[in-house]
Each structure stands twice: as structure tokens, then as C-alpha cells.
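Peer 1: What follows is the file data_6.txt, containing compact mmCIF, C-alpha atoms:
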```txt
# COMPACT_ATOMS: atom_id res chain seq x y z
CA MET E 1 -6.55 -15.73 -36.76
CA LYS E 2 -10.16 -16.39 -35.75
CA ASN E 3 -9.46 -15.08 -32.25
CA LYS E 4 -7.91 -11.88 -33.63
CA CYS E 5 -10.92 -11.39 -35.88
CA SER E 6 -13.31 -11.81 -32.92
CA TRP E 7 -11.31 -9.31 -30.88
CA GLY E 8 -11.33 -6.85 -33.78
CA ILE E 9 -15.09 -7.14 -34.25
CA THR E 10 -15.72 -6.67 -30.51
CA LEU E 11 -13.54 -3.57 -30.27
CA ALA E 12 -15.02 -2.16 -33.49
CA ILE E 13 -18.56 -2.54 -32.15
CA GLU E 14 -17.55 -0.89 -28.86
CA TYR E 15 -15.84 1.99 -30.68
CA ILE E 16 -18.71 2.61 -33.10
CA PHE E 17 -21.25 2.47 -30.27
CA ILE E 18 -19.48 5.15 -28.20
CA PHE E 19 -18.65 7.16 -31.33
CA ILE E 20 -22.34 7.42 -32.30
CA LEU E 21 -23.42 8.35 -28.78
CA SER E 22 -20.65 10.95 -28.48
CA TRP E 23 -21.46 12.42 -31.89
CA LEU E 24 -25.21 12.71 -31.37
CA THR E 25 -25.35 13.75 -27.70
CA PRO E 26 -26.26 17.46 -27.55
CA LEU E 27 -24.45 20.06 -25.49
CA TYR E 28 -26.04 20.82 -22.15
CA ALA E 29 -25.50 23.07 -19.11
CA ASP E 30 -21.73 23.68 -18.63
CA ASP E 31 -21.02 22.67 -22.23
CA LEU E 32 -23.01 25.66 -23.49
CA ILE E 33 -20.98 28.11 -21.40
CA GLU E 34 -17.54 27.02 -22.60
CA VAL E 35 -17.96 26.94 -26.40
CA HIS E 36 -16.45 29.50 -28.80
CA LEU E 37 -13.22 29.88 -26.77
CA SER E 38 -9.69 30.40 -28.05
CA LEU E 39 -6.78 28.40 -26.64
CA ILE E 40 -5.64 31.41 -24.59
CA GLN E 41 -9.15 31.81 -23.16
CA ILE E 42 -9.28 28.09 -22.34
CA ILE E 43 -6.00 28.30 -20.39
CA GLN E 44 -7.07 31.49 -18.58
CA ARG E 45 -10.48 30.13 -17.62
CA THR E 46 -9.00 26.85 -16.45
CA TRP E 47 -6.43 28.58 -14.24
CA ASN E 48 -9.02 30.97 -12.78
CA ASP E 49 -11.65 28.27 -12.34
CA LEU E 50 -13.12 27.51 -8.92
CA ASN E 51 -12.59 23.85 -9.73
CA PRO E 52 -9.03 22.79 -8.78
CA ARG E 53 -8.99 19.98 -11.39
CA PHE E 54 -6.74 21.83 -13.82
CA PHE E 55 -6.13 19.03 -16.30
CA GLY E 56 -9.70 17.71 -16.24
CA GLN E 57 -11.12 21.17 -16.88
CA PHE E 58 -8.50 21.89 -19.53
CA ILE E 59 -9.33 18.66 -21.39
CA TYR E 60 -13.05 19.38 -21.10
CA ARG E 61 -12.73 22.86 -22.61
CA ILE E 62 -10.56 21.56 -25.45
CA LEU E 63 -13.19 18.91 -26.21
CA ASP E 64 -15.92 21.55 -26.07
CA ASN E 65 -14.19 23.68 -28.72
CA ILE E 66 -13.22 21.13 -31.36
CA PRO E 67 -15.56 19.91 -34.11
CA VAL E 68 -18.05 17.42 -32.73
CA ILE E 69 -16.94 14.73 -35.19
CA ILE E 70 -13.35 15.01 -33.88
CA PHE E 71 -14.64 14.84 -30.31
CA ALA E 72 -16.60 11.69 -31.12
CA LEU E 73 -13.59 10.05 -32.77
CA VAL E 74 -11.18 10.69 -29.90
CA ASN E 75 -13.70 10.14 -27.10
CA ALA E 76 -14.64 6.71 -28.44
CA GLY E 77 -10.94 5.86 -28.59
CA VAL E 78 -10.36 6.93 -25.00
CA PHE E 79 -13.34 4.87 -23.83
CA CYS E 80 -11.92 1.78 -25.55
CA LEU E 81 -8.54 2.49 -23.94
CA PHE E 82 -10.30 2.87 -20.58
CA THR E 83 -11.95 -0.55 -20.82
CA LEU E 84 -8.78 -2.18 -22.16
CA LEU E 85 -6.76 -0.80 -19.23
CA ILE E 86 -9.31 -2.11 -16.74
CA PHE E 87 -9.09 -5.47 -18.48
CA LYS E 88 -5.28 -5.48 -18.60
CA ILE E 89 -4.90 -4.54 -14.93
CA ALA E 90 -7.52 -7.04 -13.78
CA VAL E 91 -6.69 -10.19 -15.76
CA ARG E 92 -2.84 -10.11 -15.68
CA ASN E 93 -1.57 -13.00 -17.84
CA HIS E 94 -4.92 -14.69 -18.47
CA PRO E 95 -6.72 -12.63 -21.14
CA SER E 96 -9.68 -14.00 -23.04
CA LEU E 97 -12.36 -12.44 -25.20
CA LEU E 98 -15.07 -13.77 -22.88
CA LYS E 99 -13.48 -11.95 -19.95
CA TYR E 100 -13.24 -8.75 -21.97
CA ILE E 101 -16.93 -8.93 -22.91
CA ILE E 102 -17.76 -9.48 -19.23
CA THR E 103 -15.59 -6.47 -18.33
CA LEU E 104 -17.25 -4.30 -20.98
CA SER E 105 -20.71 -5.41 -19.86
CA VAL E 106 -20.03 -4.54 -16.23
CA VAL E 107 -18.57 -1.16 -17.23
CA LEU E 108 -21.58 -0.26 -19.39
CA ILE E 109 -24.14 -0.97 -16.67
CA MET E 110 -22.18 0.01 -13.56
CA LEU E 111 -20.39 3.25 -14.46
CA PRO E 112 -21.99 6.17 -12.58
CA ASN E 113 -24.13 8.57 -14.64
CA PHE E 114 -22.89 7.22 -17.96
CA GLY E 115 -24.27 10.13 -20.00
CA GLN E 116 -22.53 12.71 -17.81
CA THR E 117 -19.20 10.90 -17.33
CA VAL E 118 -18.69 9.48 -20.83
CA LEU E 119 -20.77 11.62 -23.24
CA TRP E 120 -21.18 15.04 -21.60
CA LYS E 121 -18.05 17.02 -22.45
CA ALA E 122 -17.87 18.67 -19.02
CA GLY E 123 -17.98 15.21 -17.47
CA THR E 124 -15.91 13.14 -19.86
CA GLY E 125 -12.90 15.46 -19.49
CA ASN E 126 -13.03 15.34 -15.70
CA TYR E 127 -13.95 11.69 -15.26
CA LEU E 128 -13.43 9.37 -18.25
CA TRP E 129 -10.25 11.01 -19.57
CA VAL E 130 -8.64 11.72 -16.19
CA THR E 131 -9.44 8.25 -14.85
CA THR E 132 -7.94 6.75 -18.03
CA ILE E 133 -4.71 8.66 -17.31
CA ILE E 134 -4.81 7.32 -13.74
CA LEU E 135 -5.16 3.78 -15.09
CA LEU E 136 -2.23 4.42 -17.46
CA TYR E 137 -0.17 5.43 -14.44
CA LEU E 138 -1.14 2.24 -12.59
CA ALA E 139 -0.56 -0.03 -15.60
CA GLY E 140 2.82 1.58 -16.28
CA ASN E 141 4.21 2.11 -12.78
CA PHE E 142 3.05 -1.28 -11.49
CA SER E 143 3.16 -3.24 -14.75
CA GLU E 144 4.65 -6.36 -13.18
CA GLU E 145 2.49 -6.31 -10.04
CA LEU E 146 -0.83 -5.56 -11.75
CA CYS E 147 -0.42 -6.57 -15.40
CA GLY E 148 2.09 -9.41 -15.00
CA GLN E 149 4.43 -7.90 -17.59
CA LYS E 150 7.62 -5.87 -17.43
CA LEU E 151 7.84 -2.62 -19.39
CA THR E 152 10.42 -2.94 -22.13
CA LYS E 153 9.98 0.29 -24.10
CA HIS E 154 12.16 2.96 -22.52
CA TRP E 155 10.23 5.87 -24.03
CA ILE E 156 7.15 4.76 -22.10
CA ILE E 157 9.18 4.68 -18.88
CA TYR E 158 10.35 8.25 -19.47
CA LEU E 159 6.77 9.44 -20.08
CA LEU E 160 5.48 7.90 -16.85
CA PRO E 161 6.50 10.81 -14.57
CA LEU E 162 4.32 13.14 -16.67
CA ALA E 163 1.38 10.71 -16.54
CA SER E 164 1.96 10.35 -12.79
CA PHE E 165 1.88 14.12 -12.28
CA ILE E 166 -1.35 14.49 -14.29
CA ALA E 167 -2.89 11.53 -12.41
CA GLY E 168 -2.09 13.28 -9.13
CA TRP E 169 -3.64 16.54 -10.34
CA GLY E 170 -6.70 14.73 -11.63
CA ASN E 171 -9.52 14.33 -9.15
CA GLU E 172 -9.61 15.10 -5.43
CA ASN E 173 -10.92 11.82 -4.06
CA THR E 174 -9.68 9.46 -6.80
CA SER E 175 -6.12 10.83 -6.90
CA CYS E 176 -5.88 10.58 -3.11
CA ALA E 177 -7.05 6.97 -3.24
CA VAL E 178 -4.48 6.17 -5.95
CA LEU E 179 -1.75 7.52 -3.70
CA ILE E 180 -2.89 5.09 -1.02
CA LEU E 181 -3.08 2.26 -3.58
CA SER E 182 0.48 2.99 -4.70
CA GLY E 183 1.68 2.88 -1.10
CA LEU E 184 -0.10 -0.42 -0.47
CA ILE E 185 1.48 -2.08 -3.53
CA ILE E 186 4.98 -0.79 -2.73
CA LEU E 187 4.77 -1.84 0.94
CA TYR E 188 3.33 -5.24 0.00
CA ASN E 189 6.26 -5.88 -2.34
CA ARG E 190 8.76 -4.85 0.32
CA LEU E 191 7.27 -6.31 3.50
CA VAL E 192 5.45 -9.42 2.24
CA LYS E 193 7.30 -10.41 -0.93
CA LYS E 194 10.64 -9.17 0.46
CA LEU E 195 11.49 -7.42 -2.81
CA PRO E 196 13.73 -4.34 -2.94
CA PHE E 197 12.23 -0.95 -3.66
CA LYS E 198 12.10 -0.09 -7.36
CA LYS E 199 13.60 3.28 -8.19
CA TRP E 200 11.16 4.16 -10.97
CA GLN E 201 8.14 3.22 -8.87
CA ILE E 202 9.26 5.55 -6.09
CA ILE E 203 10.00 8.36 -8.54
CA ASN E 204 6.63 8.05 -10.29
CA THR E 205 4.79 7.87 -6.98
CA LEU E 206 6.56 11.06 -5.90
CA PHE E 207 5.41 12.76 -9.11
CA LEU E 208 1.89 11.53 -8.31
CA LEU E 209 2.15 13.10 -4.85
CA ILE E 210 3.50 16.37 -6.28
CA GLY E 211 0.58 16.53 -8.72
CA TYR E 212 -1.88 15.91 -5.90
CA LEU E 213 -0.29 18.68 -3.79
CA PHE E 214 -0.50 21.06 -6.77
CA MET E 215 -4.21 20.32 -7.01
CA MET E 216 -4.94 20.73 -3.32
CA LEU E 217 -2.75 23.85 -2.95
CA SER E 218 -3.84 25.53 -6.18
CA PRO E 219 -5.26 29.08 -5.91
CA SER E 220 -8.67 27.84 -7.02
CA SER E 221 -8.81 25.44 -4.08
CA PHE E 222 -8.28 28.28 -1.63
CA ARG E 223 -10.84 30.51 -3.36
CA ARG E 224 -13.34 27.68 -3.33
CA SER E 225 -12.81 27.07 0.40
CA LYS E 226 -13.77 30.69 1.12
CA MET E 227 -17.07 30.57 -0.72
CA GLY E 228 -19.03 29.31 2.27
CA ILE E 229 -19.94 26.01 0.63
CA ILE E 230 -21.62 23.71 3.11
CA ASN E 231 -19.70 20.59 4.13
CA VAL E 232 -18.98 18.64 7.31
CA PHE E 233 -16.63 21.39 8.49
CA THR E 234 -18.90 24.40 7.91
CA THR E 235 -22.36 23.16 8.84
CA SER E 236 -23.35 24.19 12.37
CA ASP E 237 -26.22 21.76 12.88
CA ASN E 238 -24.16 19.23 14.87
CA THR E 239 -20.63 18.55 16.04
CA LEU E 240 -17.91 17.63 13.52
CA VAL E 241 -17.84 14.02 14.74
CA SER E 242 -21.61 13.74 14.40
CA ASN E 243 -21.52 15.24 10.90
CA VAL E 244 -18.76 12.85 9.80
CA VAL E 245 -20.61 9.81 11.17
CA THR E 246 -23.86 10.89 9.53
CA SER E 247 -22.07 11.48 6.24
CA CYS E 248 -20.42 8.05 6.37
CA ILE E 249 -23.77 6.37 6.96
CA ASP E 250 -25.40 8.29 4.11
CA ILE E 251 -22.63 7.42 1.66
CA ILE E 252 -22.71 3.74 2.65
CA LEU E 253 -26.49 3.71 2.14
CA THR E 254 -26.03 5.41 -1.25
CA LEU E 255 -23.47 2.77 -2.25
CA ALA E 256 -25.88 0.03 -1.20
CA ARG E 257 -28.79 1.67 -3.03
CA TYR E 258 -27.16 2.32 -6.41
CA TYR E 259 -24.40 -0.31 -6.52
CA PHE E 260 -25.85 -3.16 -4.49
CA VAL E 261 -25.40 -5.69 -7.31
CA LEU E 262 -21.72 -4.76 -7.74
CA VAL E 263 -21.02 -5.06 -4.01
CA ILE E 264 -22.81 -8.42 -3.79
CA LEU E 265 -20.98 -9.79 -6.83
CA ILE E 266 -17.63 -8.81 -5.31
CA ALA E 267 -18.52 -10.58 -2.07
CA VAL E 268 -19.77 -13.71 -3.87
CA PHE E 269 -16.77 -14.01 -6.19
CA ALA E 270 -14.37 -13.38 -3.29
CA LEU E 271 -15.94 -16.34 -1.49
CA ILE E 272 -15.82 -18.52 -4.62
CA MET E 273 -12.18 -17.61 -5.26
CA HIS E 274 -11.25 -18.43 -1.64
CA ARG E 275 -12.84 -21.89 -1.91
CA CYS E 276 -12.10 -22.87 -5.51
CA TYR E 277 -9.07 -21.12 -7.02
CA PHE E 278 -7.32 -19.12 -4.32
CA SER E 279 -4.30 -17.08 -5.36
CA GLN E 280 -2.35 -14.83 -3.03
CA THR E 281 -1.63 -12.38 -5.86
CA LYS E 282 -5.30 -12.21 -6.91
CA ALA E 283 -6.42 -11.85 -3.30
CA ALA E 284 -3.93 -9.06 -2.57
CA ASN E 285 -4.67 -7.09 -5.75
CA ALA E 286 -8.45 -7.44 -5.32
CA LEU E 287 -8.20 -6.34 -1.69
CA PHE E 288 -6.09 -3.31 -2.63
CA PHE E 289 -8.62 -2.17 -5.25
CA ILE E 290 -11.55 -2.77 -2.90
CA ILE E 291 -9.87 -0.66 -0.21
CA THR E 292 -8.99 2.04 -2.75
CA GLY E 293 -12.50 2.08 -4.25
CA ILE E 294 -14.17 2.38 -0.85
CA LEU E 295 -11.74 5.06 0.33
CA SER E 296 -12.31 7.04 -2.87
CA ILE E 297 -16.04 6.97 -2.23
CA MET E 298 -15.83 7.57 1.53
CA ALA E 299 -13.60 10.61 0.90
CA LEU E 300 -16.73 12.34 -0.40
CA ILE E 301 -17.74 13.08 3.20
CA PHE E 302 -15.23 15.94 2.99
CA ALA E 303 -16.44 17.19 -0.40
CA PRO E 304 -17.43 20.87 -0.81
CA SER E 305 -21.03 19.75 -1.18
CA TYR E 306 -22.70 16.54 -0.15
CA THR E 307 -22.61 14.00 -2.97
CA TRP E 308 -24.89 11.19 -1.88
CA ASP E 309 -26.60 10.70 -5.21
CA GLY E 310 -24.34 7.91 -6.48
CA GLY E 311 -23.43 10.09 -9.44
CA ARG E 312 -20.33 11.49 -11.12
CA ALA E 313 -18.19 11.76 -7.98
CA TYR E 314 -18.36 7.97 -7.59
CA PHE E 315 -16.74 7.34 -10.98
CA GLY E 316 -13.20 6.60 -9.79
CA GLY E 317 -14.29 4.52 -6.82
CA ILE E 318 -16.67 2.40 -8.87
CA THR E 319 -13.97 1.91 -11.52
CA PHE E 320 -11.67 0.46 -8.85
CA LEU E 321 -14.44 -1.81 -7.55
CA ILE E 322 -15.09 -3.03 -11.11
CA ILE E 323 -11.38 -3.89 -11.41
CA ALA E 324 -11.60 -5.79 -8.11
CA LEU E 325 -14.58 -7.76 -9.41
CA ILE E 326 -12.80 -8.77 -12.63
CA ILE E 327 -9.68 -9.76 -10.67
CA LEU E 328 -11.80 -12.17 -8.62
CA LEU E 329 -12.99 -14.09 -11.71
CA PRO E 330 -11.31 -17.44 -12.48
CA ASP E 331 -8.13 -17.19 -14.55
CA ASP E 332 -9.66 -19.54 -17.12
CA ILE E 333 -13.45 -19.34 -17.02
CA GLN E 334 -13.96 -22.14 -19.53
CA LEU E 335 -11.66 -24.48 -17.58
CA PHE E 336 -13.51 -23.59 -14.37
CA MET E 337 -16.83 -24.44 -16.05
CA SER E 338 -15.59 -27.78 -17.31
CA GLN E 339 -14.54 -29.12 -13.90
CA ASN E 340 -18.02 -30.24 -12.79
CA VAL E 341 -21.70 -29.85 -13.60
CA MET E 342 -22.42 -27.50 -10.69
CA ARG E 343 -19.75 -25.03 -11.78
CA TYR E 344 -20.88 -25.21 -15.40
CA ALA E 345 -24.53 -24.60 -14.50
CA SER E 346 -23.83 -21.73 -12.08
CA THR E 347 -21.36 -19.99 -14.42
CA PHE E 348 -23.61 -20.42 -17.45
CA THR E 349 -26.57 -19.00 -15.49
CA PHE E 350 -24.49 -16.02 -14.36
CA LEU E 351 -23.36 -15.27 -17.92
CA VAL E 352 -26.90 -15.55 -19.32
CA ILE E 353 -28.27 -13.21 -16.64
CA LEU E 354 -25.37 -10.76 -17.12
CA PHE E 355 -25.50 -10.55 -20.90
CA GLY E 356 -29.31 -10.67 -21.03
CA GLY E 357 -29.57 -7.97 -18.38
CA VAL E 358 -27.07 -5.79 -20.22
CA LEU E 359 -28.95 -6.06 -23.51
CA VAL E 360 -32.30 -5.19 -21.91
CA TYR E 361 -30.98 -2.42 -19.65
CA LEU E 362 -28.79 -0.88 -22.35
CA SER E 363 -31.61 -0.98 -24.92
CA CYS E 364 -33.91 0.88 -22.53
CA GLY E 365 -31.10 3.32 -21.76
CA ILE E 366 -30.38 4.07 -25.41
CA TYR E 367 -34.07 4.65 -26.10
CA ASP E 368 -34.18 7.04 -23.13
CA TRP E 369 -31.01 8.78 -24.37
CA HIS E 370 -32.50 9.17 -27.86
CA LYS E 371 -35.77 10.66 -26.64
CA SER E 372 -33.99 13.03 -24.26
CA SER E 373 -31.47 14.17 -26.88
CA GLN E 374 -34.30 14.73 -29.33
CA ALA E 375 -36.14 16.92 -26.81
CA ILE E 376 -33.04 19.03 -26.13
CA ASN E 377 -32.38 19.53 -29.85
CA GLN E 378 -36.01 20.54 -30.43
CA ARG E 379 -35.69 23.28 -27.82
CA TYR E 380 -32.41 24.52 -29.30
CA GLU E 381 -33.94 24.66 -32.78
CA TYR E 382 -36.88 26.66 -31.44
CA ILE E 383 -34.63 29.15 -29.64
CA GLN E 384 -32.41 29.56 -32.70
CA LYS E 385 -35.43 30.34 -34.86
CA GLN E 386 -36.61 32.93 -32.34
CA VAL E 387 -33.18 34.58 -32.18
CA ASP E 388 -32.86 34.54 -35.98
CA SER E 389 -36.18 36.38 -36.19
CA GLY E 390 -34.75 39.16 -34.01
CA LYS E 391 -36.20 38.25 -30.62
CA GLU E 392 -34.01 38.89 -27.58
CA GLN E 393 -36.42 37.38 -25.07
CA VAL E 394 -37.68 33.81 -25.42
CA ARG E 395 -40.13 31.83 -23.32
CA VAL E 396 -39.74 28.06 -23.57
CA THR E 397 -42.01 25.20 -22.64
CA PRO E 398 -40.81 22.10 -20.73
CA PHE E 399 -38.81 19.51 -22.61
CA THR E 400 -41.08 17.15 -24.50
CA TYR E 401 -39.27 14.31 -22.73
CA TYR E 402 -37.30 14.08 -19.47
CA PRO E 403 -34.83 11.22 -19.02
CA LYS E 404 -35.37 8.38 -16.58
CA MET E 405 -32.03 6.60 -16.97
CA LYS E 406 -28.39 7.55 -16.53
CA TYR E 407 -27.40 7.44 -20.23
CA ALA E 408 -29.04 10.79 -21.05
CA VAL E 409 -26.86 13.87 -20.75
CA ASN E 410 -29.40 15.84 -18.69
CA PHE E 411 -30.39 13.03 -16.34
CA GLY E 412 -30.81 14.65 -12.91
CA LEU E 413 -29.42 18.01 -14.07
CA ASN E 414 -31.13 21.34 -13.51
CA GLU E 415 -33.43 23.20 -15.87
CA ILE E 416 -33.56 26.90 -16.69
CA SER E 417 -34.79 29.32 -14.03
CA ASN E 418 -36.60 32.65 -13.79
CA ASN E 419 -33.33 33.94 -12.33
CA GLN E 420 -31.43 35.14 -15.40
CA ASN E 421 -28.12 34.97 -13.52
CA TYR E 422 -28.53 31.24 -13.00
CA PHE E 423 -25.68 29.36 -14.69
CA ILE E 424 -28.03 27.24 -16.83
CA ASN E 425 -29.60 30.43 -18.23
CA GLN E 426 -26.17 31.94 -18.74
CA GLY E 427 -25.23 28.96 -20.89
CA TYR E 428 -28.10 29.71 -23.27
CA PHE E 429 -27.02 33.37 -23.53
CA HIS E 430 -23.47 32.34 -24.44
CA TYR E 431 -24.54 29.65 -26.90
CA PHE E 432 -27.17 31.79 -28.67
CA PRO E 433 -25.61 35.22 -29.33
CA GLY E 434 -28.34 37.86 -29.27
CA LEU E 435 -30.47 36.11 -26.67
CA LYS E 436 -30.91 38.38 -23.63
CA LYS E 437 -33.59 36.65 -21.60
CA ILE E 438 -34.97 33.13 -21.39
CA THR E 439 -37.82 32.19 -19.09
CA PRO E 440 -39.58 28.90 -18.40
CA ASN E 441 -43.25 28.60 -19.32
CA PHE E 442 -43.86 25.86 -16.75
```
Could you render the structure as C-alpha cells?
Peer 2:
Amino acid sequence: MKNKCSWGITLAIEYIFIFILSWLTPLYADDLIEVHLSLIQIIQRTWNDLNPRFFGQFIYRILDNIPVIIFALVNAGVFCLFTLLIFKIAVRNHPSLLKYIITLSVVLIMLPNFGQTVLWKAGTGNYLWVTTIILLYLAGNFSEELCGQKLTKHWIIYLLPLASFIAGWGNENTSCAVLILSGLIILYNRLVKKLPFKKWQIINTLFLLIGYLFMMLSPSSFRRSKMGIINVFTTSDNTLVSNVVTSCIDIILTLARYYFVLVILIAVFALIMHRCYFSQTKAANALFFIITGILSIMALIFAPSYTWDGGRAYFGGITFLIIALIILLPDDIQLFMSQNVMRYASTFTFLVILFGGVLVYLSCGIYDWHKSSQAINQRYEYIQKQVDSGKEQVRVTPFTYYPKMKYAVNFGLNEISNNQNYFINQGYFHYFPGLKKITPNF
């Protein structure tokens, strides 16, 4: 009873935390452009979009056109489901509240551009929600291999092909990596464990592949490829091989720069697991997620534009690396600590540094988010007053505060321009009917 109460309190705090952030984060950039749409307009825009992520864009536009309180309620729920799925996949049959708090802590500080992948509606639809569907596919299709449990509810089994299809048509680099992960798990079961192929696993993986082909062969993908966007195939500075090598080096350096702690922790816990509590299942699953995470990130060398900022495009890959890290933890952390003084001291030190670091870093991030959101709302209030007074042209000063951490919605995003056709400016025109021109006074 006490354990259930502790779990309930932990999940309630997590839910309320994300609910408040989702509710109070202002619209920005793409969010401004897609409000005030009917369902028919949402479907039409999504199909005609230059972004081939049909389901991610569809979810985003739905979220952008429902009351903000409803968005906050459902978005907080999806985030909790996201962390619970990471936990379920990573810990198999050894759950504990301590492990869940560790998982949540790592997620909160390691997720790329938190404000733009969890709170920004354009980002949460394409990253948080789609990645949650991908994790649902993994937890369902490979429930025994990853979660240590066999699915017993038939209605869930029958829904898995749909989840598999959506997971395939989710995100270019992440969905491709999940295809590879599925193949690795299936081949490992057949070639190493000598188990027969499972019909439902093959069927769901085929639906995943079909969804991925739909995404890559969608009309928007072809239109996007003809826009002259610079990538390793279109740049003429060097040969293709040279461009690919340079891109690989840049992405590796970006991973080391922004996620050095995560990479080091994975390496350290892999070594500890090998020496202290080796398990073939843990080793195989961790290796599969490390390979998948790295491949998801390295696939960005072929992206329509170079993405070496460690930002949103890294979301899926970092999620897989977080799962790998949690897999590498001892099955029973408290038992591991009790075995000798050295293990107790090292584990206790790690937990103190982790939880202390999370509290400090998250506190600074929330303060930064608050100041940034306040500055955005102040500008919107000023523009609305100008429009209400009959002005069609508005000149605005710089934000009173610019964010310095990844929890703010506009962290690293562009500002308005003197070019009135710029998409940021266009968002203001759509959001404030009657506004014809907005220029920066800076």
C-alpha cells in the first residue's frame, strides 16, 4: 500500500509539472501559423505539407486547434506514458520506484530541446507523441523480449498493426532506426536463441515497413527533394564521400558536445555490468538500443538540411540511448549497494550527484522558461492592443528576455524579420487578424 502511494505521488507530481508547463507555454513561430483551422483544413494542410511526417503534423495541428487546457491535460498524460514506456522497456521484470525516478531524472535533463519537443505544439506532435507511438509499437510487438511479459489482451494485439504503421510513418531517421532495431531483435531470437519466428512480430514489422515507405514515397517528400535544399547530395563544395565523412565527424562532435555525460554514463555502466552483474539479455538489449540510437543520429547526415545543433532531430536517438542506459543499471539497485562498502559509496554518490544536479539544472531551466514565456506574452499583449486600436503596422522592440536554456519554447529559434514574407512574420499576421506589417525595432 505504501509503495502504491509513493508511485501515485511520483506520477502525480510528474503529471502536474508537465501540465503546468504545457498550459502556460505561449504559442511561437509555427504554432501561430496553424491556429484557427477546421478539421478539413488540418487534413488538407497536412497532406499538402512539405514535411512528409503526416501523422506528426496532423497531431500537431490538432493540438494547435484545441483549447489550451485540453492540450495541457492530454500532453501531460502522453509525457507520463512516454516515461513509463521507457521504464517498462528498460527494466523488464525488475521495476522499482527508485529506478523510475532515475529514469525520469535522466529524461528531464537529457531530452533534446525540451521546450520545443515537449511543450511547443509543433514539436510535441512530431517528437514526443510520435516517439511515444514508436515505443508503444516496441513494447507491444516485442513485449517478451523487451518487457519480459507476454501480451494477453487480444484487443491490444489487433491494434498493434495500426500502431506499427503510424510508427513507420512517424519520423524519417527514428522510424528507419526502429526498422533496424526490429530486425536485430527478430534475428537475435532466431539465430542466437534458436526460437521460431513469431507470426505477429513479422506482420507488425511489415506494417512498420509499409508506413515507412508511405512516408518516404509521399508526394510531399518528392516536392521537398526538388526545392534545392542543401544536403550532402546537392552541395558542390566537395565530393559526396568527402561530404559524408565531414558530416559524420560533425555529428559525432555534436553528440560529444551536447550529450557527453550520457555517452560516458553508458560506457561506465556497461563496464560495471560486464564486471559485476553480467546478463546476456541485458547486454543484447542495451547493445541493440545503442546501435539504434547512434544510427538514428548518424542518419542526419542525409537530412534535407544539416542538423548539427543537438536539437529536435536528435530526440529519437537520445531516447534510445536513455533506454540503453537504464537497461545497464543493476536489476536491484538496493541489493547491489548492500553487497559491499565500495558499491554502496559509489552508488550513493552517483544518486546524490544525479538528483542534486537535476534539481539545480531544472530549477534554472524553469526560471529561464518563465522569464522567456513572460517576454513573449508581453509582446503579444502589446501587438493586440495596437491592432485593437486600429493599427495595421506595428513596430516591436526586442524581447525583454531571451532564453539561455532548452526549456524555453523559443530557445534558438528565429525572430521576426524586415522581410514580411518571412514565416515568423507570417505567423503574426495569421494570429493577429488585421495586422498587415510587423517590423523589428532592433
Peer 1: Please report, as a tab-separated table, each residue of range 68-151 of chain E lying at most 12 Å from range 189-205 of chain E, together with the nearest pair of atoms and the separation in Å rounded to one decimal; use all atoms listed in the file, and order rows by chain and ascending residue number.
Peer 2:
```
residue	atom	partner	partner_atom	distance
E:Ile134	CA	E:Thr205	CA	11.8
E:Leu136	CA	E:Asn204	CA	12.0
E:Tyr137	CA	E:Asn204	CA	8.4
E:Leu138	CA	E:Thr205	CA	9.9
E:Ala139	CA	E:Gln201	CA	11.5
E:Gly140	CA	E:Gln201	CA	9.3
E:Asn141	CA	E:Gln201	CA	5.7
E:Phe142	CA	E:Gln201	CA	7.3
E:Ser143	CA	E:Gln201	CA	10.1
E:Glu144	CA	E:Asn189	CA	11.0
E:Glu145	CA	E:Asn189	CA	8.6
E:Leu146	CA	E:Asn189	CA	11.8
E:Leu151	CA	E:Trp200	CA	11.3
```
Peer 1: My list of candidates is E:Thr292, E:Thr281, E:Gln426, E:Ser372. Which is closest to Ile323 in chain E when distances are computed with all atoms listed in the file?
Peer 2: E:Thr292
Peer 1: I'd like the neighbourhood of range 341-357 of chain E as an MDAnalysis selection string, where a residue qualifies if any of its atoms comes within 10 Å (using all atoms listed in the file), though same-chain residues fewer than 2 positions away should be ignored.
Peer 2: chainID E and resid 98 101:102 105:106 109 333:339 359:363
Peer 1: Can you list, as a count of residues only, every protein, DNA or RNA residue that comes within 8 Å of range 308-318 of chain E when you count all atoms listed in the file, leaving out same-chain residues fewer than 5 positions away?
Peer 2: 22
Peer 1: With distances taken over only C-alpha atoms, which residue among E:Gln420, E:Ser175, E:Gln41, E:Asn410 lies nearest Ala29 in chain E?
Peer 2: E:Asn410
Peer 1: Name all residues at most 9 Å from Leu179 in chain E (count only C-alpha atoms; drop same-chain ones fewer than 5 positions away) and give them as a list of chain:residue names.
Peer 2: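 Using only C-alpha atoms, the neighbours found are E:Gly168, E:Thr174, E:Leu184, E:Thr205, E:Leu208, E:Leu209, E:Tyr212.
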Peer 1: Keeping only C-alpha atoms, write those residues as a short mmCIF file (atom, residue, chain, number, x, y, z; two decimals), in the frame of the given file.
Peer 2:
```
data_model
loop_
_atom_site.label_atom_id
_atom_site.label_comp_id
_atom_site.auth_asym_id
_atom_site.auth_seq_id
_atom_site.Cartn_x
_atom_site.Cartn_y
_atom_site.Cartn_z
CA GLY E 168 -2.09 13.28 -9.13
CA THR E 174 -9.68 9.46 -6.80
CA LEU E 184 -0.10 -0.42 -0.47
CA THR E 205 4.79 7.87 -6.98
CA LEU E 208 1.89 11.53 -8.31
CA LEU E 209 2.15 13.10 -4.85
CA TYR E 212 -1.88 15.91 -5.90
#
```
Peer 1: Between E:Trp369, E:Phe71, E:Phe320, E:Phe207, which one has atoms that come closest to Tyr407 in chain E, using all atoms listed in the file?
Peer 2: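 Using all atoms listed in the file, the shortest distance to Tyr407 in chain E belongs to E:Trp369.
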Peer 1: Between E:Ser279, E:Val68, E:Ile33, E:Ile416, which one has atoms that come closest to Pro433 in chain E, using all atoms listed in the file?
Peer 2: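 Among E:Ser279, E:Val68, E:Ile33, E:Ile416, it is E:Ile33 that comes nearest to Pro433 in chain E.
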Peer 1: Any idea what the distance is between CA of Arg275 in chain E and CA of Phe289 in chain E?
Peer 2: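 Distance reported for this atom pair: 20.4 Å.
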Peer 1: Give me, as a list in words, all polymer residues having an atom no more than 9 Å from Val394 in chain E, counting all atoms listed in the file and skipping those fewer than 4 positions away in the same chain.
Peer 2: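 Answer for this query is Ile383, Gln386, Val387, Leu435, Lys436, Lys437, Ile438, Thr439 and Pro440 of chain E.
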Peer 1: Nearest to Pro403 in chain E: which of E:Tyr380, E:Leu73, E:Gly115, E:Leu325 is it, counting all atoms listed in the file?
Peer 2: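 Nearest to Pro403 in chain E: E:Gly115.
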Peer 1: When you count all atoms listed in the file, which of these residues is closest to Thr124 in chain E: E:Ile157, E:Pro95, E:Lys150, E:Tyr60?
Peer 2: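 Distance minimum relative to Thr124 in chain E lands on E:Tyr60.
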Peer 1: One number please: CA of Phe399 in chain E to CA of Ile18 in chain E, in Å, one decimal.
Peer 2: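 CA of Ile18 in chain E lies 24.7 Å from CA of Phe399 in chain E.
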Peer 1: Residues at most 10 Å from Phe288 in chain E, counting all atoms listed in the file, excluding those fewer than 6 positions away in the same chain, as a list in words?
Peer 2: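 Here the qualifying residues turn out to be Ile180, Leu181, Ser182, Leu184, Ile185, Tyr188, Lys282, Phe320, Leu321 and Ala324 of chain E.
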Peer 1: Rounded to one decimal in Å, what is the spacing between CA of Tyr28 in chain E and CA of Thr132 in chain E?
Peer 2: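 About the pair CA of Tyr28 in chain E and CA of Thr132 in chain E: they are 23.3 Å apart.
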